[in-house]
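S.K.: Handing you this structure, nothing more for now.
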Amino acid sequence: MFKALVLNQDEGKTTSAIEQLAMSDLPEEDVLIKVDYSSLNYKDGLAVTGKGKIIRNFPMVPGIDLVGTVEDSADARYSKGDKVVLTGWGVGEMYWGGYSQYARLKADWLVPLPEGMDPVRTMQIGTAGLTAMLCVMALEEGGVTPESGPIVVSGAAGGVGSVAVAILAGLGYQVAAITGRAETEGYLRGLGASEILSRDEMAQPPRPLEKQRWAGAIDTAGDTILARMIAETNYSGVVAACGLAASFKLPSTVMPFILRNVRLQGVDSVSCPYERRNMAWQRLLTQLPENALGEIAQIIGLDDVPEYAEKITNGQVKGRVVIDLNA
């Protein structure tokens, strides 16, 4: 028997409880994994609290990422004792996820843990960190270099934003961090932000074109913040959009695209191909400053997840939350 956080629905309301499960309760998939750590992402918070329509069927074990050790494998790519990491692929939404001491998953969803990266660091990075690196890669592929000018990051005190600020600063970019919490300024400057912008300022509806300020942008919010970023981006700049913490809407115009050659690049980590996913993990191993992780992450137990899920959906969590499945 082992512990798992299980979500159910009762008269349309999502409920969560720590349950004792047997191996026979797990889905039939290729690889059995003993889970060491998972993490709490914004999407996980929406799933656990029921505030977002994340879960497709019940009962469900949430948790969109995990790191652990292979216990048994029907796929030749993985053997007992291998360390693996899982992010995306609908796990924790359509398929049982990481908030469990054991998980059965498809081999195609897994990536070998990069040599030299320990499990705690992996989930300090997690889905949020992988997404942040994919956003940085999108800027680079669009020709945005540290010499191009400053990069603006929304939701900078959150999981994706925190890691993005740390990576960009470590690569030599000048970073402007957008936050709705003035008390996080010291934290963000410690990660490498050189400028702090208020969310209220950046959420003001923009004109079709504003003064050019940014060589590139990473957005986790959507809505008018993303619209303002686009309107303020320099000629041939790149905006990487990966989230909708504010809204899925985009009240913008075509003007920045046809007059300033601005590129809006979507970034998805859920179905990201293996090769690109593996490349991002390898880069995270070397290009996310080691000292940033202590600032970014905190560790909780499985029993604490409902409380922190409520906090993260209310914008009360700073950085990354790692879940120790054996605490």
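Letters A, B, ... go to the chains of the structure tokens in the order shown; residues in each chain start at 1; ligands are counted from 1 in the same order.
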Please, which residues of range 70-235 of chain A, numbered as in this document, come out strand (DSSP E) from DSSP, as JSON, numbers by chain?

M.R.: {"A": [70, 71, 72, 73, 83, 84, 85, 86, 87, 102, 103, 104, 105, 110, 111, 112, 151, 152, 153, 175, 176, 177, 178, 179, 195, 196, 197, 198, 214, 215, 216, 217, 218, 219, 233, 234, 235]}

S.K.: Name the residues in contact with Leu168 in chain A at a cut-off of 12 Å, using only C-alpha atoms, excluding same-chain residues fewer than 2 positions from it; report them as a PyMOL selection string.

M.R.: chain A and resi 132-137+139-140+144-146+149-153+156+161-166+170-177+191-194+216-218+284+287-289+292

S.K.: Taking C-alpha atoms for each residue, export the selection above as a CSV table (one decimal), in the first residue's frame.

M.R.:
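Contents of result-v3.csv, freshly written:
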chain,number,residue,atom,x,y,z
A,132,ALA,CA,10.8,29.0,-18.8
A,133,MET,CA,13.8,27.5,-20.6
A,134,LEU,CA,11.6,26.8,-23.7
A,135,CYS,CA,10.6,30.5,-23.6
A,136,VAL,CA,14.3,31.6,-23.5
A,137,MET,CA,15.0,29.2,-26.4
A,139,LEU,CA,13.7,34.3,-27.8
A,140,GLU,CA,17.1,33.1,-28.9
A,144,VAL,CA,17.1,38.1,-29.5
A,145,THR,CA,20.5,38.3,-27.8
A,146,PRO,CA,21.7,40.1,-24.6
A,149,GLY,CA,18.1,45.1,-25.3
A,150,PRO,CA,16.1,44.4,-22.2
A,151,ILE,CA,13.6,41.5,-21.7
A,152,VAL,CA,10.4,41.9,-19.8
A,153,VAL,CA,8.9,39.0,-17.8
A,156,ALA,CA,7.9,37.3,-12.4
A,161,GLY,CA,8.6,33.8,-14.1
A,162,SER,CA,11.2,33.2,-11.3
A,163,VAL,CA,13.1,30.7,-13.3
A,164,ALA,CA,12.9,32.8,-16.5
A,165,VAL,CA,14.4,35.8,-14.6
A,166,ALA,CA,17.2,33.7,-13.2
A,170,GLY,CA,22.6,34.3,-15.9
A,171,LEU,CA,22.9,34.5,-19.7
A,172,GLY,CA,23.7,38.2,-19.5
A,173,TYR,CA,20.3,39.7,-20.4
A,174,GLN,CA,18.9,42.8,-18.7
A,175,VAL,CA,15.6,41.8,-17.2
A,176,ALA,CA,12.6,43.8,-16.2
A,177,ALA,CA,10.3,41.9,-13.9
A,191,LEU,CA,17.3,36.5,-9.0
A,192,GLY,CA,18.9,39.1,-11.3
A,193,ALA,CA,16.1,41.5,-12.3
A,194,SER,CA,17.5,45.0,-12.9
A,216,GLY,CA,11.8,40.5,-26.1
A,217,ALA,CA,9.2,39.3,-23.6
A,218,ILE,CA,8.1,36.2,-21.7
A,284,LEU,CA,18.7,23.8,-17.3
A,287,GLN,CA,22.4,27.5,-17.3
A,288,LEU,CA,20.1,27.9,-14.4
A,289,PRO,CA,22.3,29.5,-11.7
A,292,ALA,CA,18.9,30.8,-7.6

S.K.: Can you tell me which residues surround range 239-251 of chain A at a distance of at most 8 Å, considering only C-alpha atoms, apart from same-chain residues fewer than 6 positions away, and format the answer as an NGL selection string?

M.R.: :A and (131 or 135 or 138-139 or 216-224 or 226-227 or 229-230 or 233 or 262-268)

S.K.: Quick check, in Å to one decimal: how far apart do CA of Ser198 in chain A and CA of Gly155 in chain A lie?

M.R.: 10.3 Å

S.K.: For a test of reading the model, state the distance in Å between CA of Arg260 in chain A and CA of Lys211 in chain A, rounded to one decimal.

M.R.: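 These atoms are spaced 11.4 Å apart.
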
S.K.: Could you name the residues that touch Leu46 in chain A at 7 Å or less, counting only C-alpha atoms, but leaving out those on the same chain fewer than 6 positions away, as a list in words?

M.R.: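 Selected residues are Gly52, Ile54 and Thr313 of chain A.
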
S.K.: Can you tell me, as number ranges by chain, which residues in range 106-219 of chain A count as helix (DSSP H, G or I) by DSSP?

M.R.: A: 107-109, 119-141, 146-148, 159-170, 182-191, 199-202

S.K.: I'd like the interatomic distance between CA of Asn41 in chain A and CA of Glu275 in chain A, to a tenth of an Å.

M.R.: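 The value is 23.4 Å.
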
S.K.: Could I get the residues of range 120-183 of chain A with an atom no further than 12 Å from an atom of range 92-100 of chain A, each paired with its nearest atom pair and that distance in Å to one decimal, using only C-alpha atoms, sorted by chain and residue number, as a Markdown table?

M.R.:
| residue | atom | partner | partner_atom | distance |
| --- | --- | --- | --- | --- |
| A:Met123 | CA | A:Gly98 | CA | 11.0 |
| A:Gly126 | CA | A:Gly98 | CA | 11.5 |
| A:Thr127 | CA | A:Gly98 | CA | 11.9 |

S.K.: Rank A:Glu201, A:Glu71, A:Asp303, A:Asp36 by their smallest atom-to-atom distance to Gly180 in chain A, using only C-alpha atoms, and report the top residue only.

M.R.: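 Distance minimum relative to Gly180 in chain A lands on A:Glu201.
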
S.K.: When distances are computed from only C-alpha atoms, which of A:Asp30, A:Glu19, A:Glu183, A:Glu141 shows the smallest separation from Gln316 in chain A?

M.R.: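 For Gln316 in chain A, the nearest of the candidates is A:Glu183.
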
S.K.: Leaving out Val6 in chain A and any residue of its chain fewer than 5 positions from it, which residues lie within 12 Å of it when counting only C-alpha atoms, given as an MDAnalysis selection string?

M.R.: chainID A and resid 14:21 25:26 47:48 55 57:63 92 96:101 302:303 305:306

S.K.: Residues as selected, C-alpha atoms, written as a PDB file, in the first residue's frame, can you do that?

M.R.:
ATOM      1  CA  THR A  14     -13.985  18.860  -6.382  1.00  0.00           C
ATOM      2  CA  THR A  15     -12.836  17.133  -3.190  1.00  0.00           C
ATOM      3  CA  SER A  16      -9.341  15.956  -2.267  1.00  0.00           C
ATOM      4  CA  ALA A  17      -8.150  13.344   0.220  1.00  0.00           C
ATOM      5  CA  ILE A  18      -5.000  11.385   1.055  1.00  0.00           C
ATOM      6  CA  GLU A  19      -5.800   7.727   0.342  1.00  0.00           C
ATOM      7  CA  GLN A  20      -4.000   4.408   0.718  1.00  0.00           C
ATOM      8  CA  LEU A  21      -3.804   2.703  -2.686  1.00  0.00           C
ATOM      9  CA  ASP A  25      -5.231   0.614  -8.428  1.00  0.00           C
ATOM     10  CA  LEU A  26      -2.663   2.191 -10.768  1.00  0.00           C
ATOM     11  CA  ALA A  47      -7.037  21.135 -10.441  1.00  0.00           C
ATOM     12  CA  VAL A  48      -6.850  20.477  -6.691  1.00  0.00           C
ATOM     13  CA  ILE A  55      -9.513  17.340 -14.646  1.00  0.00           C
ATOM     14  CA  ASN A  57     -12.319  12.305 -15.359  1.00  0.00           C
ATOM     15  CA  PHE A  58     -12.558  11.189 -11.732  1.00  0.00           C
ATOM     16  CA  PRO A  59     -11.135   9.781  -9.545  1.00  0.00           C
ATOM     17  CA  MET A  60      -7.842  11.462 -10.462  1.00  0.00           C
ATOM     18  CA  VAL A  61      -4.386  11.665  -8.925  1.00  0.00           C
ATOM     19  CA  PRO A  62      -3.182  15.185  -9.856  1.00  0.00           C
ATOM     20  CA  GLY A  63       0.388  16.378 -10.320  1.00  0.00           C
ATOM     21  CA  GLY A  92      -2.296  14.897 -13.720  1.00  0.00           C
ATOM     22  CA  TRP A  96      -2.908   9.770 -13.019  1.00  0.00           C
ATOM     23  CA  GLY A  97      -0.023  11.988 -12.017  1.00  0.00           C
ATOM     24  CA  GLY A  98       2.712  12.786  -9.553  1.00  0.00           C
ATOM     25  CA  TYR A  99       0.935  13.234  -6.217  1.00  0.00           C
ATOM     26  CA  SER A 100       1.426   9.569  -5.429  1.00  0.00           C
ATOM     27  CA  GLN A 101       4.290   7.499  -4.044  1.00  0.00           C
ATOM     28  CA  LEU A 302       1.676  15.655   0.452  1.00  0.00           C
ATOM     29  CA  ASP A 303      -0.640  16.611   3.332  1.00  0.00           C
ATOM     30  CA  VAL A 305      -0.904  20.267  -0.968  1.00  0.00           C
ATOM     31  CA  PRO A 306      -4.571  21.392  -0.577  1.00  0.00           C
TER      32      PRO A 306
END

S.K.: Any idea what's packed within 9 Å of Arg207 in chain A, counting only C-alpha atoms, ignoring anything in its chain fewer than 4 positions away? Could you give it as a PyMOL selection string?

M.R.: chain A and resi 228+231+252

S.K.: Ranking A:Gly68, A:Gly50, A:Pro27, A:Pro114 by minimum distance to Ala280 in chain A and counting only C-alpha atoms, which one comes first?

M.R.: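 Selected residue with least distance to Ala280 in chain A: A:Pro114.
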
S.K.: For a quick check of understanding, using only C-alpha atoms, which of A:Val70, A:Ile167, A:Leu5, A:Leu209 has the smallest distance to Asn291 in chain A?

M.R.: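 The shortest atom-to-atom distance to Asn291 in chain A comes from A:Ile167.
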